[in-house]
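Down below is the structure, laid out as structure tokens.
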Amino acid sequence: MNIAVILAAGKGERMLEHNIPKGFINVLGKPLLYYALKTFQECEEVDRIILVIPEDFFAVATCYQKEFGFSKFKQIVVGGKTRQESVLLALQNSNASEEDVVLIHDAARPLVSQRIIKENISTALKVGGAATMIPTSDTIIISKDGKSIDFIPDRNEYYLEQTPASFCFAQIYQAHLLALKKGINDVSDDLKLYRDYGGKIGIVKGEKDNFKVTSEEDLAYLLMIIDK
Ligand code: CTP
Ligand code: MG
């Protein structure tokens, strides 16, 4: 079985003017999280969807289940203080079997494509883990204090991570438990935990449109794309 975990339990502190967590911001009459849910719903290979939300939004999310009518959207999990905690809570409550594939996706990336989802599943099945990434078009500059330049690495070696990141359930669950045992509870990235655990990761080509809505500018850009 292939299970999508859609994370929307963050506060959206970089978009506070909306007075609502990012995933719940109204985008052309639907909450932002709707768009990613829809694409996972429409992907034949995805069997079920777990939506992870802040505690106060449980009633709202329950209404969405009826409103959207997405047959695979059967479960809502209350997330934690950090993204890492939210993922672990979803894994713990997922009722997944050891060999299931779990796709972990940010609700804040509304324009994920069918291709990315499908390649995540096939890569996770083949390799154990899958990373969605794109090459950087800008050069990366390392500056520890933000005032002077320490180092300019070779651009060709640098990529940007997107989501989903996908894994064989048994392995990503063990990776999260191991991190917790080590006292790590605020890693924003599942791939790092999985690598520290010793998991193998294959690469899926990301897409520019699969950007994360982080700021007001991103939201304006999103509206421009989907209002076409
Ligand atoms: N997320 C989550 N649980 C948390 C923190 C983040 O489920 N405790 C989710 C967010 O809802 C988002 C994704 O992880 O879909 C990526 O995180 P980010 O873009 O940082 O979102 P927020 O944490 O909501 O935003 P900010 O960092 O600006 O507060
Ligand atoms: Mg955050």
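By order in the structure tokens, chains are A, B, ...; within a chain, residues start at 1; ligands start at 1, following the order shown.
Proximity to His105 (chain A) at 10 Å, evaluated using only C-alpha atoms and with sequence-adjacent residues fewer than 5 positions away removed, yields A:Ala4, A:Val5, A:Ile6, A:Leu7, A:Ala8, A:Ala36, A:Leu37, A:Phe40, A:Leu51, A:Val87, A:Pro110, A:Val112, A:Ile117, A:Gln162, A:Thr163, A:Pro164, A:Ala165, A:Ser166.
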Restricting the output to C-alpha atoms, write the selected residues as a CSV table (one decimal), in the first residue's frame.
chain,number,residue,atom,x,y,z
A,4,ALA,CA,0.5,9.9,1.6
A,5,VAL,CA,1.1,12.0,4.7
A,6,ILE,CA,0.2,15.6,4.0
A,7,LEU,CA,1.7,17.9,6.6
A,8,ALA,CA,-0.3,21.0,7.5
A,36,ALA,CA,-1.9,18.9,-2.8
A,37,LEU,CA,-4.6,16.6,-1.4
A,40,PHE,CA,-2.6,12.7,-4.3
A,51,LEU,CA,-3.8,14.9,6.8
A,87,VAL,CA,5.8,13.3,10.9
A,110,PRO,CA,0.3,22.8,-3.7
A,112,VAL,CA,3.2,18.7,-6.8
A,117,ILE,CA,4.4,11.2,-6.9
A,162,GLN,CA,11.5,19.5,-2.3
A,163,THR,CA,8.8,17.1,-1.1
A,164,PRO,CA,7.5,14.5,-1.2
A,165,ALA,CA,10.3,12.4,0.4
A,166,SER,CA,9.2,8.8,0.4
Using only C-alpha atoms and all ligand atoms, which residues have at least one atom no more than 10 Å from ligand 1? Output them as number ranges by chain. A: 5-16, 20-24, 32-33, 51-54, 77-87, 89-90, 104-110, 162-163, 186, 188-189, 212-215
When DSSP is applied to the backbone of this structure, which of region 49-228 of chain A are assigned strand (DSSP E or B)? Write them out as a ChimeraX atom specification. /A:49-53,73-78,101-106,129-135,142,151,159-168,202-205
Name the residues of region 187-224 of chain A that come out as helix (DSSP H, G or I) in a backbone DSSP run; write them as a list in words. Asp190, Leu191, Lys192, Leu193, Tyr194, Arg195, Asp196, Tyr197, Glu216, Glu217, Asp218, Leu219, Ala220, Tyr221, Leu222, Leu223 and Met224 of chain A
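Each of A:Cys168, A:Ala220, A:Ala179, A:Ile116 was compared to Gly206 (chain A) using only C-alpha atoms, and A:Ile116 turns out to be the nearest.
The shortest atom-to-atom distance to ligand 2, with only C-alpha atoms and all ligand atoms taken into account, belongs to A:Val187 out of A:Gln171, A:Gln41, A:Val187, A:Ser137.
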Please list as a VMD selection string every residue within 8 Å of Arg155 (chain A), counting only C-alpha atoms and excluding residues in the same chain fewer than 4 positions away. chain A and resid 136 to 140
Store the residues picked out above in a file with N, CA and C atoms, as an mmCIF file, in the first residue's frame.
data_model
loop_
_atom_site.group_PDB
_atom_site.id
_atom_site.type_symbol
_atom_site.label_atom_id
_atom_site.label_comp_id
_atom_site.auth_asym_id
_atom_site.auth_seq_id
_atom_site.Cartn_x
_atom_site.Cartn_y
_atom_site.Cartn_z
ATOM 1 N N THR A 136 20.227 23.845 -8.323
ATOM 2 C CA THR A 136 20.115 25.290 -8.053
ATOM 3 C C THR A 136 20.453 26.029 -9.340
ATOM 4 N N SER A 137 19.659 27.030 -9.667
ATOM 5 C CA SER A 137 20.020 27.833 -10.838
ATOM 6 C C SER A 137 20.883 29.004 -10.395
ATOM 7 N N ASP A 138 20.742 29.403 -9.144
ATOM 8 C CA ASP A 138 21.604 30.461 -8.605
ATOM 9 C C ASP A 138 22.812 29.813 -7.930
ATOM 10 N N THR A 139 23.903 30.551 -7.883
ATOM 11 C CA THR A 139 25.075 30.059 -7.158
ATOM 12 C C THR A 139 24.815 30.201 -5.655
ATOM 13 N N ILE A 140 25.274 29.206 -4.906
ATOM 14 C CA ILE A 140 25.120 29.249 -3.444
ATOM 15 C C ILE A 140 26.340 29.973 -2.866
#
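One finds CA of Ile142 (chain A) at 14.9 Å from CA of Leu160 (chain A).
Minimum atom-to-atom distance to Lys192 (chain A), evaluated using only C-alpha atoms, belongs to A:His176 out of A:Lys147, A:Lys126, A:His176, A:Lys208.
Nearest to Asp196 (chain A) of all the residues A:Ser113, A:Thr62, A:Thr123, A:Gln174 is A:Gln174, counting only C-alpha atoms.
By chain and then residue number, the residues within 10 Å of Leu177 (chain A) are A:Leu88, A:Gln171, A:Gly183, A:Ile184, A:Leu193, A:Tyr197, counting only C-alpha atoms and disregarding those fewer than 6 positions away in sequence.
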I'd like the contact shell of Lys72 (chain A) - 12 Å cut-off, only C-alpha atoms, skipping same-chain residues fewer than 4 positions apart - returned as number ranges by chain. A: 2-5, 37-51, 65-66, 68, 76
Please produce a file of the residues just selected, as an mmCIF file, in the first residue's frame, where the atoms kept are N, CA, C and O atoms.
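For reference, part.cif as written:
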data_model
loop_
_atom_site.group_PDB
_atom_site.id
_atom_site.type_symbol
_atom_site.label_atom_id
_atom_site.label_comp_id
_atom_site.auth_asym_id
_atom_site.auth_seq_id
_atom_site.Cartn_x
_atom_site.Cartn_y
_atom_site.Cartn_z
ATOM 1 N N ASN A 2 0.410 2.295 -0.673
ATOM 2 C CA ASN A 2 1.146 3.569 -0.700
ATOM 3 C C ASN A 2 0.329 4.637 0.040
ATOM 4 O O ASN A 2 -0.806 4.917 -0.335
ATOM 5 N N ILE A 3 0.945 5.190 1.087
ATOM 6 C CA ILE A 3 0.216 6.105 1.977
ATOM 7 C C ILE A 3 0.826 7.500 1.897
ATOM 8 O O ILE A 3 2.040 7.667 2.092
ATOM 9 N N ALA A 4 -0.006 8.495 1.627
ATOM 10 C CA ALA A 4 0.484 9.886 1.583
ATOM 11 C C ALA A 4 0.207 10.559 2.918
ATOM 12 O O ALA A 4 -0.912 10.498 3.434
ATOM 13 N N VAL A 5 1.254 11.178 3.470
ATOM 14 C CA VAL A 5 1.106 11.982 4.687
ATOM 15 C C VAL A 5 1.235 13.443 4.264
ATOM 16 O O VAL A 5 2.291 13.860 3.775
ATOM 17 N N LEU A 37 -3.770 17.748 -1.674
ATOM 18 C CA LEU A 37 -4.645 16.591 -1.400
ATOM 19 C C LEU A 37 -5.274 16.081 -2.691
ATOM 20 O O LEU A 37 -5.340 14.877 -2.934
ATOM 21 N N LYS A 38 -5.722 17.017 -3.526
ATOM 22 C CA LYS A 38 -6.412 16.653 -4.774
ATOM 23 C C LYS A 38 -5.478 15.844 -5.686
ATOM 24 O O LYS A 38 -5.880 14.837 -6.269
ATOM 25 N N THR A 39 -4.241 16.297 -5.800
ATOM 26 C CA THR A 39 -3.307 15.609 -6.697
ATOM 27 C C THR A 39 -2.997 14.193 -6.176
ATOM 28 O O THR A 39 -2.917 13.249 -6.962
ATOM 29 N N PHE A 40 -2.860 14.049 -4.871
ATOM 30 C CA PHE A 40 -2.631 12.701 -4.316
ATOM 31 C C PHE A 40 -3.883 11.838 -4.488
ATOM 32 O O PHE A 40 -3.778 10.654 -4.792
ATOM 33 N N GLN A 41 -5.056 12.446 -4.267
ATOM 34 C CA GLN A 41 -6.315 11.714 -4.461
ATOM 35 C C GLN A 41 -6.390 11.173 -5.900
ATOM 36 O O GLN A 41 -6.795 10.041 -6.129
ATOM 37 N N GLU A 42 -5.986 11.990 -6.858
ATOM 38 C CA GLU A 42 -6.145 11.616 -8.263
ATOM 39 C C GLU A 42 -5.056 10.682 -8.763
ATOM 40 O O GLU A 42 -5.110 10.208 -9.894
ATOM 41 N N CYS A 43 -4.061 10.412 -7.947
ATOM 42 C CA CYS A 43 -2.985 9.508 -8.374
ATOM 43 C C CYS A 43 -3.398 8.063 -8.086
ATOM 44 O O CYS A 43 -3.601 7.686 -6.926
ATOM 45 N N GLU A 44 -3.506 7.268 -9.132
ATOM 46 C CA GLU A 44 -3.977 5.886 -8.988
ATOM 47 C C GLU A 44 -3.160 5.071 -8.004
ATOM 48 O O GLU A 44 -3.668 4.205 -7.309
ATOM 49 N N GLU A 45 -1.851 5.329 -7.981
ATOM 50 C CA GLU A 45 -0.965 4.517 -7.132
ATOM 51 C C GLU A 45 -1.091 4.817 -5.649
ATOM 52 O O GLU A 45 -0.587 4.075 -4.825
ATOM 53 N N VAL A 46 -1.713 5.944 -5.312
ATOM 54 C CA VAL A 46 -1.856 6.301 -3.887
ATOM 55 C C VAL A 46 -3.119 5.639 -3.343
ATOM 56 O O VAL A 46 -4.193 5.733 -3.930
ATOM 57 N N ASP A 47 -2.969 4.925 -2.203
ATOM 58 C CA ASP A 47 -4.111 4.195 -1.637
ATOM 59 C C ASP A 47 -4.853 4.983 -0.574
ATOM 60 O O ASP A 47 -6.060 4.927 -0.488
ATOM 61 N N ARG A 48 -4.108 5.658 0.308
ATOM 62 C CA ARG A 48 -4.817 6.490 1.279
ATOM 63 C C ARG A 48 -4.011 7.704 1.694
ATOM 64 O O ARG A 48 -2.796 7.752 1.479
ATOM 65 N N ILE A 49 -4.725 8.673 2.256
ATOM 66 C CA ILE A 49 -4.119 9.972 2.579
ATOM 67 C C ILE A 49 -4.375 10.282 4.058
ATOM 68 O O ILE A 49 -5.510 10.168 4.535
ATOM 69 N N ILE A 50 -3.302 10.691 4.746
ATOM 70 C CA ILE A 50 -3.435 11.147 6.139
ATOM 71 C C ILE A 50 -3.121 12.646 6.139
ATOM 72 O O ILE A 50 -2.058 13.059 5.662
ATOM 73 N N LEU A 51 -4.025 13.440 6.666
ATOM 74 C CA LEU A 51 -3.782 14.887 6.762
ATOM 75 C C LEU A 51 -3.380 15.216 8.198
ATOM 76 O O LEU A 51 -4.058 14.809 9.148
ATOM 77 N N GLN A 65 -13.324 16.771 4.996
ATOM 78 C CA GLN A 65 -13.494 15.388 4.516
ATOM 79 C C GLN A 65 -14.807 15.268 3.745
ATOM 80 O O GLN A 65 -14.864 14.654 2.688
ATOM 81 N N LYS A 66 -15.858 15.869 4.302
ATOM 82 C CA LYS A 66 -17.180 15.820 3.632
ATOM 83 C C LYS A 66 -17.171 16.715 2.397
ATOM 84 O O LYS A 66 -17.606 16.331 1.321
ATOM 85 N N PHE A 68 -14.720 18.015 0.462
ATOM 86 C CA PHE A 68 -13.892 17.672 -0.704
ATOM 87 C C PHE A 68 -14.393 16.387 -1.379
ATOM 88 O O PHE A 68 -14.236 16.217 -2.580
ATOM 89 N N ILE A 76 -7.309 11.954 9.857
ATOM 90 C CA ILE A 76 -6.753 13.248 10.280
ATOM 91 C C ILE A 76 -5.954 12.988 11.554
ATOM 92 O O ILE A 76 -6.431 12.302 12.456
#
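Take the candidates A:Leu180, A:Ala124, A:Leu219, A:Ile141 and check each one against Gly199 (chain A) using only C-alpha atoms; the shortest distance goes to A:Ala124.
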Residues within 12 Å of Glu67 (chain A), please, as a PyMOL selection string. Count only C-alpha atoms; anything in the same chain fewer than 4 positions from it doesn't count. chain A and resi 30-31+34+60-63+71+73
Enter the distance from CA of Tyr194 (chain A) to CA of Pro135 (chain A), in Å, rounded to one decimal. 21.3 Å
